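Chemist: One file: upload-v5.pdb (PDB, C-alpha atoms and all ligand atoms).
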ATOM      1  CA  MET A   1     166.832 306.098 -68.034
ATOM      2  CA  GLN A   2     165.499 309.450 -66.797
ATOM      3  CA  ASN A   3     166.222 310.740 -63.338
ATOM      4  CA  TYR A   4     163.415 311.707 -60.994
ATOM      5  CA  ALA A   5     163.463 315.427 -61.833
ATOM      6  CA  GLU A   6     163.328 314.735 -65.550
ATOM      7  CA  GLN A   7     160.300 312.484 -65.078
ATOM      8  CA  TRP A   8     158.054 314.930 -63.222
ATOM      9  CA  GLN A   9     159.248 317.940 -65.227
ATOM     10  CA  ARG A  10     157.856 316.293 -68.360
ATOM     11  CA  MET A  11     154.373 316.724 -66.846
ATOM     12  CA  ALA A  12     154.880 320.354 -65.786
ATOM     13  CA  SER A  13     152.030 322.696 -66.667
ATOM     14  CA  CYS A  14     154.453 325.614 -67.036
ATOM     15  CA  LYS A  15     156.160 324.250 -70.122
ATOM     16  CA  GLY A  16     155.560 326.250 -73.246
ATOM     17  CA  PRO A  17     154.705 329.845 -74.076
ATOM     18  CA  HIS A  18     153.902 331.007 -70.545
ATOM     19  CA  ALA A  19     157.195 329.829 -69.027
ATOM     20  CA  ASP A  20     158.336 333.459 -68.769
ATOM     21  CA  LEU A  21     155.739 334.094 -66.066
ATOM     22  CA  PHE A  22     157.713 332.002 -63.619
ATOM     23  CA  TYR A  23     160.866 334.115 -63.500
ATOM     24  CA  PRO A  24     161.471 337.846 -63.215
ATOM     25  CA  PRO A  25     162.309 339.668 -66.437
ATOM     26  CA  ASN A  26     165.814 340.901 -67.201
ATOM     27  CA  THR A  27     164.521 344.453 -66.900
ATOM     28  CA  THR A  28     163.274 346.200 -63.781
ATOM     29  CA  GLU A  29     159.929 344.897 -62.551
ATOM     30  CA  ARG A  30     157.717 347.078 -60.376
ATOM     31  CA  ARG A  31     156.072 345.578 -57.312
ATOM     32  CA  GLU A  32     152.629 345.544 -58.920
ATOM     33  CA  GLU A  33     153.986 343.927 -62.090
ATOM     34  CA  LYS A  34     155.721 341.252 -60.026
ATOM     35  CA  ALA A  35     152.544 340.586 -58.056
ATOM     36  CA  ASN A  36     150.490 340.233 -61.246
ATOM     37  CA  ARG A  37     153.064 338.015 -62.954
ATOM     38  CA  GLU A  38     153.371 335.778 -59.903
ATOM     39  CA  ALA A  39     149.597 335.513 -59.527
ATOM     40  CA  ASP A  40     149.317 334.360 -63.134
ATOM     41  CA  ALA A  41     152.096 331.815 -62.620
ATOM     42  CA  LYS A  42     150.579 330.529 -59.379
ATOM     43  CA  SER A  43     147.220 330.037 -61.081
ATOM     44  CA  ILE A  44     148.955 327.669 -63.495
ATOM     45  CA  CYS A  45     150.653 325.888 -60.594
ATOM     46  CA  ASN A  46     147.309 325.364 -58.868
ATOM     47  CA  ASP A  47     146.200 322.952 -61.591
ATOM     48  CA  CYS A  48     149.600 321.375 -62.183
ATOM     49  CA  PRO A  49     149.733 317.595 -61.627
ATOM     50  CA  VAL A  50     153.285 317.755 -60.273
ATOM     51  CA  LYS A  51     152.965 320.703 -57.903
ATOM     52  CA  VAL A  52     154.110 318.742 -54.846
ATOM     53  CA  GLU A  53     157.098 317.228 -56.645
ATOM     54  CA  CYS A  54     158.055 320.642 -58.001
ATOM     55  CA  LEU A  55     157.967 322.344 -54.613
ATOM     56  CA  ASP A  56     159.888 319.519 -52.947
ATOM     57  CA  TYR A  57     162.530 319.675 -55.673
ATOM     58  CA  ALA A  58     162.926 323.458 -55.453
ATOM     59  CA  ILE A  59     163.386 323.259 -51.702
ATOM     60  CA  ALA A  60     165.794 320.324 -51.981
ATOM     61  CA  ILE A  61     168.074 322.179 -54.394
ATOM     62  CA  ASN A  62     167.602 325.484 -52.547
ATOM     63  CA  GLU A  63     166.304 327.193 -55.687
ATOM     64  CA  THR A  64     166.517 330.931 -55.111
ATOM     65  CA  TYR A  65     164.615 332.275 -58.112
ATOM     66  CA  GLY A  66     161.161 332.020 -59.554
ATOM     67  CA  ILE A  67     157.867 330.357 -58.858
ATOM     68  CA  TRP A  68     158.135 326.653 -58.090
ATOM     69  CA  GLY A  69     155.300 324.548 -56.756
ATOM     70  CA  GLY A  70     153.096 327.602 -56.419
ATOM     71  CA  LEU A  71     155.481 329.519 -54.160
ATOM     72  CA  ASN A  72     157.911 332.323 -54.863
ATOM     73  CA  GLU A  73     161.421 332.445 -53.431
ATOM     74  CA  LEU A  74     160.427 334.232 -50.205
ATOM     75  CA  GLU A  75     157.470 331.918 -49.608
ATOM     76  CA  ARG A  76     159.709 328.861 -50.061
ATOM     77  CA  LYS A  77     162.252 330.303 -47.670
ATOM     78  CA  ASN A  78     159.537 330.952 -45.084
ATOM     79  CA  LEU A  79     158.177 327.423 -45.523
ATOM     80  CA  THR A  80     161.642 325.954 -45.028
ATOM     81  CA  THR A  81     162.133 328.035 -41.899
ATOM     82  CA  ARG A  82     158.772 326.894 -40.480
ATOM     83  CA  ARG A  83     159.623 323.255 -41.215
ATOM     84  CA  LEU A  84     162.979 323.557 -39.493
ATOM     85  CA  ARG A  85     161.348 325.079 -36.410
ATOM     86  CA  LEU A  86     158.961 322.126 -36.191
ATOM     87  CA  ARG A  87     161.800 319.610 -36.005
TER      88      ARG A  87
HETATM   89  S1  LIG B 101     153.984 323.517 -59.924
HETATM   90 FE1  LIG B 101     154.130 325.369 -61.164
HETATM   91  S2  LIG B 101     156.319 325.732 -61.459
HETATM   92 FE2  LIG B 101     156.065 323.621 -60.768
HETATM   93  S3  LIG B 101     155.980 322.370 -62.600
HETATM   94 FE3  LIG B 101     153.892 322.873 -62.047
HETATM   95  S4  LIG B 101     153.368 324.721 -63.168
HETATM   96 FE4  LIG B 101     155.603 324.511 -63.212
END
How would this structure read if it were set down as structure tokens?
Ligand code: SF4

Modeler:
Amino acid sequence: MQNYAEQWQRMASCKGPHADLFYPPNTTERREEKANREADAKSICNDCPVKVECLDYAIAINETYGIWGGLNELERKNLTTRRLRLR
């Protein structure tokens, strides 16, 4: 039996050849390159059927790298901060 994360990850639109867009390269990445890479990744997220599940999962495990659910690490951190303030 698959766990919850395994189930929604099977439907992820980022699987396959463009998976590299979702994480920074091992080499130095300039600001403009990062912005372009992230924009390309987020455009894939926008049509992903499991975007909500992905973002919830990334926040739940405190994922500190990459694009998850259409948000980068700083955007997820800001979202978490806003949610905590609303409690
Ligand atoms: S929302 Fe984006 S990062 Fe998450 S599974 Fe879908 S395509 Fe991948």

Chemist: Using Å and a single decimal, report how far CA of Arg87 (chain A) sits from CA of Ala60 (chain A).

Modeler: 16.5 Å

Chemist: If you apply the PyMOL selection byres (((chain A and resi 14) around 12) and not hetatm) to this file, what residues do you get, as a PyMOL selection string?

Modeler: chain A and resi 8-13+15-23+40-51+54+66-70

Chemist: Let's have the selection written as a compact mmCIF listing (two decimals), in the coordinates of the input, with C-alpha atoms.

Modeler:
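This is the output file result-v6.txt:
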# COMPACT_ATOMS: atom_id res chain seq x y z
CA TRP A 8 158.05 314.93 -63.22
CA GLN A 9 159.25 317.94 -65.23
CA ARG A 10 157.86 316.29 -68.36
CA MET A 11 154.37 316.72 -66.85
CA ALA A 12 154.88 320.35 -65.79
CA SER A 13 152.03 322.70 -66.67
CA LYS A 15 156.16 324.25 -70.12
CA GLY A 16 155.56 326.25 -73.25
CA PRO A 17 154.71 329.84 -74.08
CA HIS A 18 153.90 331.01 -70.54
CA ALA A 19 157.20 329.83 -69.03
CA ASP A 20 158.34 333.46 -68.77
CA LEU A 21 155.74 334.09 -66.07
CA PHE A 22 157.71 332.00 -63.62
CA TYR A 23 160.87 334.12 -63.50
CA ASP A 40 149.32 334.36 -63.13
CA ALA A 41 152.10 331.82 -62.62
CA LYS A 42 150.58 330.53 -59.38
CA SER A 43 147.22 330.04 -61.08
CA ILE A 44 148.96 327.67 -63.50
CA CYS A 45 150.65 325.89 -60.59
CA ASN A 46 147.31 325.36 -58.87
CA ASP A 47 146.20 322.95 -61.59
CA CYS A 48 149.60 321.38 -62.18
CA PRO A 49 149.73 317.60 -61.63
CA VAL A 50 153.28 317.76 -60.27
CA LYS A 51 152.96 320.70 -57.90
CA CYS A 54 158.06 320.64 -58.00
CA GLY A 66 161.16 332.02 -59.55
CA ILE A 67 157.87 330.36 -58.86
CA TRP A 68 158.14 326.65 -58.09
CA GLY A 69 155.30 324.55 -56.76
CA GLY A 70 153.10 327.60 -56.42

Chemist: Have a look at CA of Val52 (chain A) and CA of Gln7 (chain A) and let me know their distance in Å, one decimal.

Modeler: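 Distance reported for this atom pair: 13.5 Å.
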
Chemist: Which residue is closest to ligand LIG 101 (chain B)? Choose from A:Ile61, A:Glu53, A:Glu6, A:Arg76 and count only C-alpha atoms and all ligand atoms.

Modeler: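 Once distances to ligand LIG 101 (chain B) are computed over only C-alpha atoms and all ligand atoms, the minimum belongs to A:Glu53.
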
Chemist: Kindly provide, as JSON, the centre and edge lengths (Å, one decimal) of an axis-aligned box around all atoms of ligand LIG 101 (chain B) given in the file, with 5 Å on each side.

Modeler:
{"center_x": 154.8, "center_y": 324.1, "center_z": -61.6, "size_x": 13.0, "size_y": 13.4, "size_z": 13.3}

Chemist: In Å, with one decimal, what is the gap from CA of Asn62 (chain A) to atom FE2 of ligand LIG 101 (chain B)?

Modeler: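 Answer for the CA of Asn62 (chain A) to atom FE2 of ligand LIG 101 (chain B) separation: 14.3 Å.
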
Chemist: From the set A:Arg82, A:Ala5, A:Glu29, A:Pro24, which residue has the shortest atom-to-atom contact distance to ligand LIG 101 (chain B), counting all atoms listed in the file?

Modeler: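 Using all atoms listed in the file, the shortest distance to ligand LIG 101 (chain B) belongs to A:Ala5.
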
Chemist: Between A:Ala58, A:Glu33, A:Asn78, A:Leu86, which is the closest to ligand LIG 101 (chain B) once you count all atoms listed in the file?

Modeler: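 Among the listed residues, A:Ala58 lies closest to ligand LIG 101 (chain B).
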
Chemist: Have a look at A:Leu84, A:Tyr65, A:Pro25, A:Leu74 and name the one nearest to ligand LIG 101 (chain B); count only C-alpha atoms and all ligand atoms.

Modeler: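 Distance minimum relative to ligand LIG 101 (chain B) lands on A:Tyr65.
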
Chemist: A:Thr80, A:Asp56, A:Lys34, A:Thr64: which is nearest ligand LIG 101 (chain B), counting all atoms listed in the file?

Modeler: A:Asp56
